[in-house]
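Undergrad: Here you go, one structure.
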Amino acid sequence: MSFRSAVITFPGSNCDRDLAVALEQVSGVAPHRVWHGDAELPDRLDFIGLPGGFSYGDYLRSGAMAARSPIMQAVIEAAGRGVPVLGICNGFQVLTEAGLLPGALMRNAVQTFISREVPLKVETSQSLFTSGYEAGQTIRIPVAHHDGNYFADEETLDRLEGEGRVAFRYLETCNGSRRDIAGILNETGTVLGMMPHPERAVEPEHGSTDGRALFESAINSLVRA
Amino acid sequence: MKVRIHVSLKPGVLDPQGRAVHHALEGLGFEGVRDVRIGRLIELDVADDTSDATLDEMCRKLLANMVIENYRIEKPELVS
């Protein structure tokens, strides 16, 4: 299997290693580790992961500084060529700030940091990230964030719903997100941003292995393709 | 040239921080506070020939998130 992936590390990322371990466990191949100041990505990538954490100390807005870092220009170009990009938690915030996904992630409506396992509904199995799930399936994956309150205007929300681009929805009150949105896809279904952490639900020791299918879906569809 | 950029949440965007501060003010016994919205003030010191168009671009590209925020550019020496 020749699965070429990259995990980007920004100053303040703290889930980059977890994400790299998850990708390696499922694919058997260690991802390239790329630093935010690098201007170029490795060649012929099959997959790019933007990890969780507090890039640049959440200065200005969560993800705002990271979205303008040198490597993100290369990520935006790669995404434009159809290279799959997964942004988890802070990675989701970076994707919205970079304009790769619509909307914004605001302070949780409850004001507090939320760190717990939450039930999610898989809204679509029609994407390379979610093909290993059944649409409508309930999965349990942890969240850990302060700024996960998804906001977009009604028109954008309607478009996301209409185009089947809501990937995951919270099944219980979580952070105040519009329409309980936990994860969304771009127009081509090749960029996924989500607040919950699938890389923290891969091994039995994690308490849940419901995140594993996300990596398996992506890796299987990409290796087969 | 000193420039102030006032960044504020767009009307209709829920401001949980503002709401918490509102409750805290009421808790301190201040009455008649109808609403609290929290924004951000960014002070820049830029070259005197920096154009308004460039300042606008700075706001749109980085200083404000146009999905949720508005911005207002203030040049204090011209205002006072």
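By convention here, the chains of the structure tokens are called A, B, ... in the order presented, each chain's residues are numbered starting at 1, and ligands are numbered starting at 1 in the order presented.
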When DSSP is applied to the backbone of this structure, which of segment 96-215 of chain A are assigned strand (DSSP E)? Write them out as an NGL selection string.

TA: :A and (104-106 or 114-122 or 138-145 or 149-151 or 166-170 or 181-185 or 191-194)

Undergrad: Selection from above, N, CA, C and O atoms, as a compact mmCIF listing (two decimals), in the first residue's frame, can you write it?

TA:
# COMPACT_ATOMS: atom_id res chain seq x y z
N ALA A 104 -18.15 30.05 10.10
CA ALA A 104 -17.14 30.40 11.09
C ALA A 104 -17.44 29.64 12.38
O ALA A 104 -18.58 29.22 12.62
N LEU A 105 -16.41 29.44 13.20
CA LEU A 105 -16.59 28.76 14.49
C LEU A 105 -16.39 29.77 15.60
O LEU A 105 -15.31 30.33 15.76
N MET A 106 -17.46 29.98 16.34
CA MET A 106 -17.46 31.02 17.37
C MET A 106 -17.35 30.39 18.75
O MET A 106 -17.42 29.18 18.91
N ILE A 114 -15.67 22.63 26.36
CA ILE A 114 -16.44 21.38 26.43
C ILE A 114 -15.50 20.23 26.09
O ILE A 114 -14.88 20.23 25.03
N SER A 115 -15.36 19.29 27.00
CA SER A 115 -14.49 18.14 26.78
C SER A 115 -15.23 16.90 27.23
O SER A 115 -15.28 16.59 28.42
N ARG A 116 -15.84 16.20 26.29
CA ARG A 116 -16.55 14.97 26.62
C ARG A 116 -16.88 14.21 25.34
O ARG A 116 -16.74 14.74 24.24
N GLU A 117 -17.29 12.96 25.52
CA GLU A 117 -17.73 12.19 24.36
C GLU A 117 -19.15 12.60 24.02
O GLU A 117 -19.97 12.76 24.93
N VAL A 118 -19.42 12.80 22.72
CA VAL A 118 -20.78 13.20 22.33
C VAL A 118 -21.31 12.24 21.26
O VAL A 118 -20.54 11.70 20.48
N PRO A 119 -22.63 12.04 21.26
CA PRO A 119 -23.21 11.24 20.18
C PRO A 119 -23.39 12.11 18.93
O PRO A 119 -23.81 13.26 19.02
N LEU A 120 -23.02 11.54 17.80
CA LEU A 120 -23.15 12.25 16.53
C LEU A 120 -23.99 11.42 15.59
O LEU A 120 -23.94 10.19 15.61
N LYS A 121 -24.74 12.11 14.74
CA LYS A 121 -25.46 11.42 13.67
C LYS A 121 -24.66 11.60 12.39
O LYS A 121 -24.29 12.72 12.03
N VAL A 122 -24.37 10.49 11.73
CA VAL A 122 -23.72 10.56 10.42
C VAL A 122 -24.80 10.95 9.42
O VAL A 122 -25.77 10.23 9.23
N THR A 138 -25.63 6.41 14.43
CA THR A 138 -25.14 7.19 15.58
C THR A 138 -23.75 6.70 15.96
O THR A 138 -23.54 5.49 16.11
N ILE A 139 -22.82 7.62 16.11
CA ILE A 139 -21.48 7.26 16.57
C ILE A 139 -21.12 8.13 17.77
O ILE A 139 -21.75 9.17 17.99
N ARG A 140 -20.15 7.68 18.54
CA ARG A 140 -19.73 8.45 19.72
C ARG A 140 -18.25 8.79 19.58
O ARG A 140 -17.41 7.91 19.46
N ILE A 141 -17.99 10.11 19.61
CA ILE A 141 -16.62 10.61 19.41
C ILE A 141 -16.42 11.78 20.38
O ILE A 141 -17.36 12.55 20.61
N PRO A 142 -15.23 11.94 20.95
CA PRO A 142 -15.04 13.05 21.89
C PRO A 142 -14.91 14.42 21.21
O PRO A 142 -14.41 14.51 20.10
N VAL A 143 -15.38 15.42 21.93
CA VAL A 143 -15.09 16.81 21.54
C VAL A 143 -14.23 17.43 22.65
O VAL A 143 -14.29 16.99 23.80
N ALA A 144 -13.46 18.42 22.30
CA ALA A 144 -12.64 19.16 23.27
C ALA A 144 -12.36 20.52 22.67
O ALA A 144 -11.40 20.71 21.92
N HIS A 145 -13.23 21.49 22.94
CA HIS A 145 -13.04 22.80 22.32
C HIS A 145 -13.75 23.91 23.08
O HIS A 145 -14.67 23.67 23.85
N ASN A 149 -18.75 26.58 18.05
CA ASN A 149 -20.12 27.01 17.79
C ASN A 149 -20.23 27.43 16.33
O ASN A 149 -19.90 28.55 15.97
N TYR A 150 -20.70 26.49 15.48
CA TYR A 150 -20.70 26.74 14.04
C TYR A 150 -21.74 27.78 13.67
O TYR A 150 -22.90 27.66 14.02
N PHE A 151 -21.29 28.79 12.92
CA PHE A 151 -22.19 29.83 12.46
C PHE A 151 -22.07 30.00 10.95
O PHE A 151 -20.97 30.04 10.40
N VAL A 166 -23.69 18.50 5.01
CA VAL A 166 -23.56 18.34 6.46
C VAL A 166 -23.13 16.89 6.69
O VAL A 166 -23.86 15.96 6.34
N ALA A 167 -21.95 16.69 7.23
CA ALA A 167 -21.42 15.33 7.40
C ALA A 167 -21.86 14.73 8.73
O ALA A 167 -22.26 13.58 8.79
N PHE A 168 -21.77 15.54 9.78
CA PHE A 168 -22.11 15.07 11.13
C PHE A 168 -22.93 16.13 11.85
O PHE A 168 -22.72 17.32 11.67
N ARG A 169 -23.84 15.64 12.71
CA ARG A 169 -24.66 16.55 13.52
C ARG A 169 -24.64 16.06 14.96
O ARG A 169 -24.64 14.85 15.21
N TYR A 170 -24.58 16.99 15.91
CA TYR A 170 -24.66 16.61 17.33
C TYR A 170 -26.05 16.10 17.64
O TYR A 170 -27.05 16.68 17.20
N ILE A 181 -24.74 21.50 13.76
CA ILE A 181 -23.75 21.01 12.79
C ILE A 181 -22.41 20.77 13.49
O ILE A 181 -21.88 21.63 14.19
N ALA A 182 -21.88 19.56 13.27
CA ALA A 182 -20.59 19.18 13.87
C ALA A 182 -19.49 19.06 12.83
O ALA A 182 -18.31 19.12 13.17
N GLY A 183 -19.90 18.86 11.56
CA GLY A 183 -18.89 18.71 10.52
C GLY A 183 -19.50 18.95 9.16
O GLY A 183 -20.65 18.58 8.92
N ILE A 184 -18.74 19.60 8.27
CA ILE A 184 -19.26 19.92 6.93
C ILE A 184 -18.21 19.60 5.85
O ILE A 184 -17.01 19.56 6.11
N LEU A 185 -18.75 19.39 4.65
CA LEU A 185 -17.92 19.09 3.47
C LEU A 185 -17.89 20.28 2.52
O LEU A 185 -18.82 21.10 2.52
N VAL A 191 -13.06 18.02 1.05
CA VAL A 191 -12.56 18.71 2.24
C VAL A 191 -13.60 18.54 3.34
O VAL A 191 -14.77 18.85 3.13
N LEU A 192 -13.17 17.99 4.47
CA LEU A 192 -14.07 17.81 5.62
C LEU A 192 -13.51 18.56 6.82
O LEU A 192 -12.34 18.39 7.17
N GLY A 193 -14.35 19.37 7.44
CA GLY A 193 -13.99 20.00 8.71
C GLY A 193 -14.95 19.52 9.77
O GLY A 193 -16.16 19.45 9.53
N MET A 194 -14.43 19.14 10.92
CA MET A 194 -15.30 18.66 12.01
C MET A 194 -14.70 19.02 13.35
O MET A 194 -13.48 19.03 13.52

Undergrad: Excluding Ala67 of chain A and its own-chain neighbours fewer than 4 positions away, which residues fall within 6 Å of it when counting only C-alpha atoms? Please give them as a PyMOL selection string.

TA: chain A and resi 63+72+94+97-98

Undergrad: Those residues you just picked out, can you put them in a file as a short mmCIF file (atom, residue, chain, number, x, y, z; two decimals), in the first residue's frame with N, CA, C and O atoms?

TA:
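Written file, again.cif:
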data_model
loop_
_atom_site.label_atom_id
_atom_site.label_comp_id
_atom_site.auth_asym_id
_atom_site.auth_seq_id
_atom_site.Cartn_x
_atom_site.Cartn_y
_atom_site.Cartn_z
N GLY A 63 -7.65 29.88 14.62
CA GLY A 63 -7.35 29.45 13.25
C GLY A 63 -6.97 30.57 12.30
O GLY A 63 -6.52 30.31 11.18
N MET A 72 -0.22 27.02 4.28
CA MET A 72 -1.63 26.97 3.91
C MET A 72 -1.88 27.33 2.45
O MET A 72 -2.84 26.87 1.85
N VAL A 94 -9.24 26.43 11.06
CA VAL A 94 -8.29 26.89 10.05
C VAL A 94 -8.92 26.82 8.65
O VAL A 94 -8.79 27.74 7.85
N GLU A 97 -11.33 29.68 8.23
CA GLU A 97 -10.60 30.95 8.11
C GLU A 97 -9.88 31.05 6.77
O GLU A 97 -9.67 32.14 6.26
N ALA A 98 -9.46 29.91 6.23
CA ALA A 98 -8.75 29.91 4.94
C ALA A 98 -9.72 29.98 3.76
O ALA A 98 -9.29 30.08 2.62
#

Undergrad: Give the answer as one residue: which of B:Val13, B:Ser51, B:Met1, B:Arg34 has the shortest atom-to-atom distance to chain A, using only C-alpha atoms?

TA: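 The answer is B:Val13, which sits nearest to chain A.
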
Undergrad: Find the residues of chain A in contact range of chain B, meaning any atom within 7 Å when counting only C-alpha atoms, and list them as a compact mmCIF listing (two decimals) with N, CA and C atoms, in the first residue's frame.

TA:
# COMPACT_ATOMS: atom_id res chain seq x y z
N GLY A 103 -18.64 29.55 6.51
CA GLY A 103 -19.04 29.74 7.90
C GLY A 103 -17.88 30.08 8.80
N ALA A 104 -18.15 30.05 10.10
CA ALA A 104 -17.14 30.40 11.09
C ALA A 104 -17.44 29.64 12.38
N ARG A 107 -17.21 31.26 19.77
CA ARG A 107 -17.16 30.81 21.15
C ARG A 107 -18.39 29.96 21.46
N ALA A 109 -21.66 28.55 22.95
CA ALA A 109 -22.76 29.33 23.52
C ALA A 109 -22.77 29.24 25.04
N GLN A 111 -20.18 29.19 26.86
CA GLN A 111 -19.03 29.93 27.37
C GLN A 111 -17.89 29.05 27.87

Undergrad: Can you tell me which residues surround Val83 of chain A at a distance of at most 8 Å, considering only C-alpha atoms, apart from same-chain residues fewer than 4 positions away, and format the answer as an MDAnalysis selection string?

TA: chainID A and resid 45:48 78:79 190

Undergrad: Hey, can you spit out that residue selection with all heavy atoms as a PDB file, in the first residue's frame?

TA:
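Just written: again_22.pdb:
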ATOM      1  N   LEU A  45       0.707  13.774  -2.781  1.00  0.00           N
ATOM      2  CA  LEU A  45       0.002  13.435  -1.545  1.00  0.00           C
ATOM      3  C   LEU A  45      -1.385  12.881  -1.851  1.00  0.00           C
ATOM      4  O   LEU A  45      -2.070  13.339  -2.761  1.00  0.00           O
ATOM      5  CB  LEU A  45      -0.146  14.674  -0.656  1.00  0.00           C
ATOM      6  CG  LEU A  45       1.079  15.101   0.148  1.00  0.00           C
ATOM      7  CD1 LEU A  45       0.734  16.345   0.948  1.00  0.00           C
ATOM      8  CD2 LEU A  45       1.568  13.983   1.063  1.00  0.00           C
ATOM      9  N   ASP A  46      -1.812  11.898  -1.043  1.00  0.00           N
ATOM     10  CA  ASP A  46      -3.168  11.361  -1.144  1.00  0.00           C
ATOM     11  C   ASP A  46      -4.100  11.996  -0.123  1.00  0.00           C
ATOM     12  O   ASP A  46      -5.327  11.867  -0.228  1.00  0.00           O
ATOM     13  CB  ASP A  46      -3.150   9.845  -0.872  1.00  0.00           C
ATOM     14  CG  ASP A  46      -2.293   9.092  -1.865  1.00  0.00           C
ATOM     15  OD1 ASP A  46      -2.495   9.303  -3.078  1.00  0.00           O
ATOM     16  OD2 ASP A  46      -1.416   8.320  -1.439  1.00  0.00           O
ATOM     17  N   PHE A  47      -3.515  12.650   0.883  1.00  0.00           N
ATOM     18  CA  PHE A  47      -4.341  13.068   2.028  1.00  0.00           C
ATOM     19  C   PHE A  47      -3.563  14.086   2.858  1.00  0.00           C
ATOM     20  O   PHE A  47      -2.376  13.913   3.099  1.00  0.00           O
ATOM     21  CB  PHE A  47      -4.632  11.820   2.877  1.00  0.00           C
ATOM     22  CG  PHE A  47      -5.599  12.023   4.002  1.00  0.00           C
ATOM     23  CD1 PHE A  47      -6.955  11.766   3.835  1.00  0.00           C
ATOM     24  CD2 PHE A  47      -5.161  12.456   5.252  1.00  0.00           C
ATOM     25  CE1 PHE A  47      -7.850  11.936   4.875  1.00  0.00           C
ATOM     26  CE2 PHE A  47      -6.055  12.626   6.299  1.00  0.00           C
ATOM     27  CZ  PHE A  47      -7.404  12.359   6.101  1.00  0.00           C
ATOM     28  N   ILE A  48      -4.278  15.128   3.303  1.00  0.00           N
ATOM     29  CA  ILE A  48      -3.653  16.135   4.178  1.00  0.00           C
ATOM     30  C   ILE A  48      -4.504  16.266   5.439  1.00  0.00           C
ATOM     31  O   ILE A  48      -5.734  16.383   5.358  1.00  0.00           O
ATOM     32  CB  ILE A  48      -3.573  17.511   3.469  1.00  0.00           C
ATOM     33  CG1 ILE A  48      -2.727  17.408   2.196  1.00  0.00           C
ATOM     34  CG2 ILE A  48      -2.992  18.577   4.413  1.00  0.00           C
ATOM     35  CD1 ILE A  48      -2.835  18.625   1.293  1.00  0.00           C
ATOM     36  N   ALA A  78      -3.469  22.458  -3.113  1.00  0.00           N
ATOM     37  CA  ALA A  78      -3.672  21.002  -3.177  1.00  0.00           C
ATOM     38  C   ALA A  78      -5.159  20.666  -3.108  1.00  0.00           C
ATOM     39  O   ALA A  78      -5.662  19.826  -3.858  1.00  0.00           O
ATOM     40  CB  ALA A  78      -2.908  20.315  -2.047  1.00  0.00           C
ATOM     41  N   ALA A  79      -5.878  21.355  -2.213  1.00  0.00           N
ATOM     42  CA  ALA A  79      -7.322  21.121  -2.105  1.00  0.00           C
ATOM     43  C   ALA A  79      -8.008  21.458  -3.432  1.00  0.00           C
ATOM     44  O   ALA A  79      -8.938  20.767  -3.854  1.00  0.00           O
ATOM     45  CB  ALA A  79      -7.901  21.966  -0.970  1.00  0.00           C
ATOM     46  N   THR A 190     -14.418  16.711  -0.887  1.00  0.00           N
ATOM     47  CA  THR A 190     -13.030  16.288  -0.662  1.00  0.00           C
ATOM     48  C   THR A 190     -12.359  17.037   0.482  1.00  0.00           C
ATOM     49  O   THR A 190     -11.210  16.753   0.830  1.00  0.00           O
ATOM     50  CB  THR A 190     -12.180  16.471  -1.939  1.00  0.00           C
ATOM     51  OG1 THR A 190     -12.349  17.819  -2.402  1.00  0.00           O
ATOM     52  CG2 THR A 190     -12.606  15.500  -3.023  1.00  0.00           C
TER      53      THR A 190
END

Undergrad: Give the helix (DSSP H, G or I) residues of chain B, as assigned by DSSP on the backbone, as a count of residues only.

TA: 28

Undergrad: Write out as a list in words which residues come within 9 Å of Ala47 of chain B when counting only C-alpha atoms, dropping same-chain ones fewer than 2 positions away.

TA: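 Neighbouring residues, sequence-local ones excluded: Met1, Lys2, Asp45, Asp49 and Thr50 of chain B.
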
Undergrad: Print the selection's residues with all heavy atoms to a file, as a compact mmCIF listing (two decimals), in the first residue's frame.

TA:
# COMPACT_ATOMS: atom_id res chain seq x y z
N MET B 1 1.26 57.17 10.74
CA MET B 1 -0.15 57.48 10.92
C MET B 1 -0.77 56.41 11.83
O MET B 1 -0.61 55.22 11.59
CB MET B 1 -0.84 57.49 9.55
CG MET B 1 -2.35 57.60 9.60
SD MET B 1 -3.10 57.80 7.95
CE MET B 1 -2.65 56.28 7.12
N LYS B 2 -1.45 56.91 12.85
CA LYS B 2 -2.13 55.97 13.75
C LYS B 2 -3.55 55.70 13.21
O LYS B 2 -4.27 56.63 12.82
CB LYS B 2 -2.25 56.58 15.16
CG LYS B 2 -0.90 56.85 15.81
CD LYS B 2 -0.48 55.68 16.66
CE LYS B 2 0.44 56.08 17.80
NZ LYS B 2 1.84 56.24 17.42
N ASP B 45 -0.03 51.38 13.49
CA ASP B 45 0.79 52.54 13.15
C ASP B 45 1.35 52.24 11.77
O ASP B 45 2.18 51.35 11.61
CB ASP B 45 1.92 52.71 14.19
CG ASP B 45 2.64 54.04 14.01
OD1 ASP B 45 2.33 54.75 13.02
OD2 ASP B 45 3.49 54.37 14.86
N ASP B 49 1.37 57.30 3.88
CA ASP B 49 0.74 57.24 2.55
C ASP B 49 -0.06 55.94 2.36
O ASP B 49 -0.44 55.61 1.24
CB ASP B 49 1.82 57.37 1.45
CG ASP B 49 2.88 56.29 1.55
OD1 ASP B 49 2.82 55.48 2.51
OD2 ASP B 49 3.76 56.25 0.67
N THR B 50 -0.33 55.22 3.46
CA THR B 50 -1.14 54.00 3.34
C THR B 50 -2.57 54.39 2.92
O THR B 50 -3.21 55.21 3.57
CB THR B 50 -1.19 53.25 4.68
OG1 THR B 50 0.15 52.99 5.10
CG2 THR B 50 -1.94 51.94 4.56

Undergrad: Just give me the gap between atom CA of Thr112 of chain A and atom CA of Gly53 of chain A in Å, one decimal is fine.

TA: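 Straight-line distance from atom CA of Thr112 of chain A to atom CA of Gly53 of chain A works out to 16.4 Å.
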
Undergrad: Hey, what's within 10 Å of Arg4 of chain A if we count only C-alpha atoms and toss same-chain stuff fewer than 2 positions away? As an NGL selection string, please?

TA: :A and (1-2 or 6 or 27 or 29-32 or 42-48 or 219 or 222-223)

Undergrad: Since we have the selection now, will you write its residues out, keeping all heavy atoms, as a compact mmCIF listing (two decimals), in the first residue's frame?

TA:
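Below is the file that was written, again19.txt:
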# COMPACT_ATOMS: atom_id res chain seq x y z
N MET A 1 0.86 -1.20 0.00
CA MET A 1 0.00 0.00 0.00
C MET A 1 0.89 1.24 0.00
O MET A 1 1.85 1.33 0.76
CB MET A 1 -0.88 -0.03 1.25
CG MET A 1 -1.86 1.12 1.30
SD MET A 1 -2.69 1.22 2.91
CE MET A 1 -3.88 -0.10 2.79
N SER A 2 0.60 2.13 -0.89
CA SER A 2 1.40 3.36 -0.89
C SER A 2 0.49 4.55 -0.64
O SER A 2 -0.01 5.17 -1.56
CB SER A 2 2.12 3.51 -2.23
OG SER A 2 1.18 3.67 -3.26
N ALA A 6 0.07 13.68 4.76
CA ALA A 6 0.85 14.69 5.50
C ALA A 6 0.00 15.22 6.64
O ALA A 6 -1.21 15.43 6.48
CB ALA A 6 1.27 15.83 4.57
N SER A 27 -3.45 2.99 8.00
CA SER A 27 -2.88 2.82 6.66
C SER A 27 -1.62 1.96 6.64
O SER A 27 -1.24 1.43 5.60
CB SER A 27 -2.55 4.19 6.05
OG SER A 27 -1.41 4.75 6.69
N VAL A 29 1.23 3.23 6.98
CA VAL A 29 2.32 4.09 6.51
C VAL A 29 2.34 5.37 7.34
O VAL A 29 1.31 6.03 7.51
CB VAL A 29 2.13 4.48 5.02
CG1 VAL A 29 3.36 5.21 4.51
CG2 VAL A 29 1.83 3.25 4.18
N ALA A 30 3.50 5.72 7.86
CA ALA A 30 3.60 6.95 8.66
C ALA A 30 3.44 8.18 7.77
O ALA A 30 4.03 8.24 6.69
CB ALA A 30 4.96 7.00 9.36
N PRO A 31 2.63 9.15 8.20
CA PRO A 31 2.46 10.37 7.40
C PRO A 31 3.73 11.23 7.43
O PRO A 31 4.53 11.12 8.35
CB PRO A 31 1.33 11.13 8.12
CG PRO A 31 0.84 10.26 9.19
CD PRO A 31 1.83 9.17 9.43
N HIS A 32 3.87 12.05 6.41
CA HIS A 32 4.91 13.08 6.45
C HIS A 32 4.49 14.12 7.49
O HIS A 32 3.31 14.47 7.55
CB HIS A 32 5.05 13.77 5.10
CG HIS A 32 5.57 12.86 4.03
ND1 HIS A 32 6.90 12.71 3.76
CD2 HIS A 32 4.91 12.05 3.17
CE1 HIS A 32 7.06 11.84 2.79
NE2 HIS A 32 5.86 11.42 2.40
N PRO A 42 4.98 17.69 0.53
CA PRO A 42 5.60 16.58 -0.20
C PRO A 42 4.82 16.32 -1.49
O PRO A 42 3.63 16.62 -1.59
CB PRO A 42 5.46 15.40 0.78
CG PRO A 42 5.25 16.02 2.12
CD PRO A 42 4.54 17.32 1.88
N ASP A 43 5.50 15.72 -2.47
CA ASP A 43 4.87 15.43 -3.77
C ASP A 43 3.81 14.34 -3.65
O ASP A 43 3.86 13.51 -2.76
CB ASP A 43 5.93 14.92 -4.77
CG ASP A 43 6.86 16.05 -5.17
OD1 ASP A 43 6.44 17.21 -5.07
OD2 ASP A 43 8.00 15.74 -5.56
N ARG A 44 2.89 14.32 -4.57
CA ARG A 44 1.93 13.24 -4.79
C ARG A 44 1.21 12.81 -3.51
O ARG A 44 1.11 11.62 -3.21
CB ARG A 44 2.62 12.01 -5.43
CG ARG A 44 3.16 12.29 -6.83
CD ARG A 44 3.93 11.09 -7.38
NE ARG A 44 5.25 10.94 -6.77
CZ ARG A 44 5.59 9.98 -5.92
NH1 ARG A 44 4.72 9.07 -5.56
NH2 ARG A 44 6.80 9.92 -5.43
N LEU A 45 0.71 13.77 -2.78
CA LEU A 45 0.00 13.43 -1.54
C LEU A 45 -1.39 12.88 -1.85
O LEU A 45 -2.07 13.34 -2.76
CB LEU A 45 -0.15 14.67 -0.66
CG LEU A 45 1.08 15.10 0.15
CD1 LEU A 45 0.73 16.35 0.95
CD2 LEU A 45 1.57 13.98 1.06
N ASP A 46 -1.81 11.90 -1.04
CA ASP A 46 -3.17 11.36 -1.14
C ASP A 46 -4.10 12.00 -0.12
O ASP A 46 -5.33 11.87 -0.23
CB ASP A 46 -3.15 9.84 -0.87
CG ASP A 46 -2.29 9.09 -1.87
OD1 ASP A 46 -2.49 9.30 -3.08
OD2 ASP A 46 -1.42 8.32 -1.44
N PHE A 47 -3.51 12.65 0.88
CA PHE A 47 -4.34 13.07 2.03
C PHE A 47 -3.56 14.09 2.86
O PHE A 47 -2.38 13.91 3.10
CB PHE A 47 -4.63 11.82 2.88
CG PHE A 47 -5.60 12.02 4.00
CD1 PHE A 47 -6.95 11.77 3.83
CD2 PHE A 47 -5.16 12.46 5.25
CE1 PHE A 47 -7.85 11.94 4.88
CE2 PHE A 47 -6.05 12.63 6.30
CZ PHE A 47 -7.40 12.36 6.10
N ILE A 48 -4.28 15.13 3.30
CA ILE A 48 -3.65 16.14 4.18
C ILE A 48 -4.50 16.27 5.44
O ILE A 48 -5.73 16.38 5.36
CB ILE A 48 -3.57 17.51 3.47
CG1 ILE A 48 -2.73 17.41 2.20
CG2 ILE A 48 -2.99 18.58 4.41
CD1 ILE A 48 -2.84 18.63 1.29
N ILE A 219 -8.85 6.12 3.55
CA ILE A 219 -7.66 5.40 3.06
C ILE A 219 -8.06 4.35 2.02
O ILE A 219 -7.44 4.26 0.96
CB ILE A 219 -6.91 4.79 4.25
CG1 ILE A 219 -6.25 5.92 5.05
CG2 ILE A 219 -5.88 3.77 3.79
CD1 ILE A 219 -5.87 5.56 6.46
N LEU A 222 -9.04 5.96 -1.29
CA LEU A 222 -7.92 6.60 -1.98
C LEU A 222 -6.96 5.56 -2.52
O LEU A 222 -6.40 5.72 -3.61
CB LEU A 222 -7.19 7.54 -1.02
CG LEU A 222 -8.03 8.73 -0.60
CD1 LEU A 222 -7.42 9.46 0.57
CD2 LEU A 222 -8.21 9.67 -1.78
N VAL A 223 -6.76 4.48 -1.79
CA VAL A 223 -5.82 3.47 -2.26
C VAL A 223 -6.41 2.70 -3.43
O VAL A 223 -5.72 2.34 -4.37
CB VAL A 223 -5.43 2.53 -1.10
CG1 VAL A 223 -4.67 1.32 -1.60
CG2 VAL A 223 -4.58 3.30 -0.10

Undergrad: Neighbours of Met65 of chain A within 8 Å (only C-alpha atoms; same-chain residues fewer than 6 positions away dropped), as a PyMOL selection string?

TA: chain A and resi 55-56+58-59

Undergrad: Need the shell around Pro198 of chain A: protein/DNA/RNA residues with any atom at most 10 Å away, counting only C-alpha atoms. Skip same-chain ones fewer than 2 positions apart. Format as an NGL selection string?

TA: :A and (18-19 or 22 or 88 or 140-143 or 194-196 or 200-202 or 208-215)

Undergrad: Just the number, please: distance in Å from atom CA of Thr9 of chain A to atom CA of Gly52 of chain A, one decimal.

TA: 9.4 Å
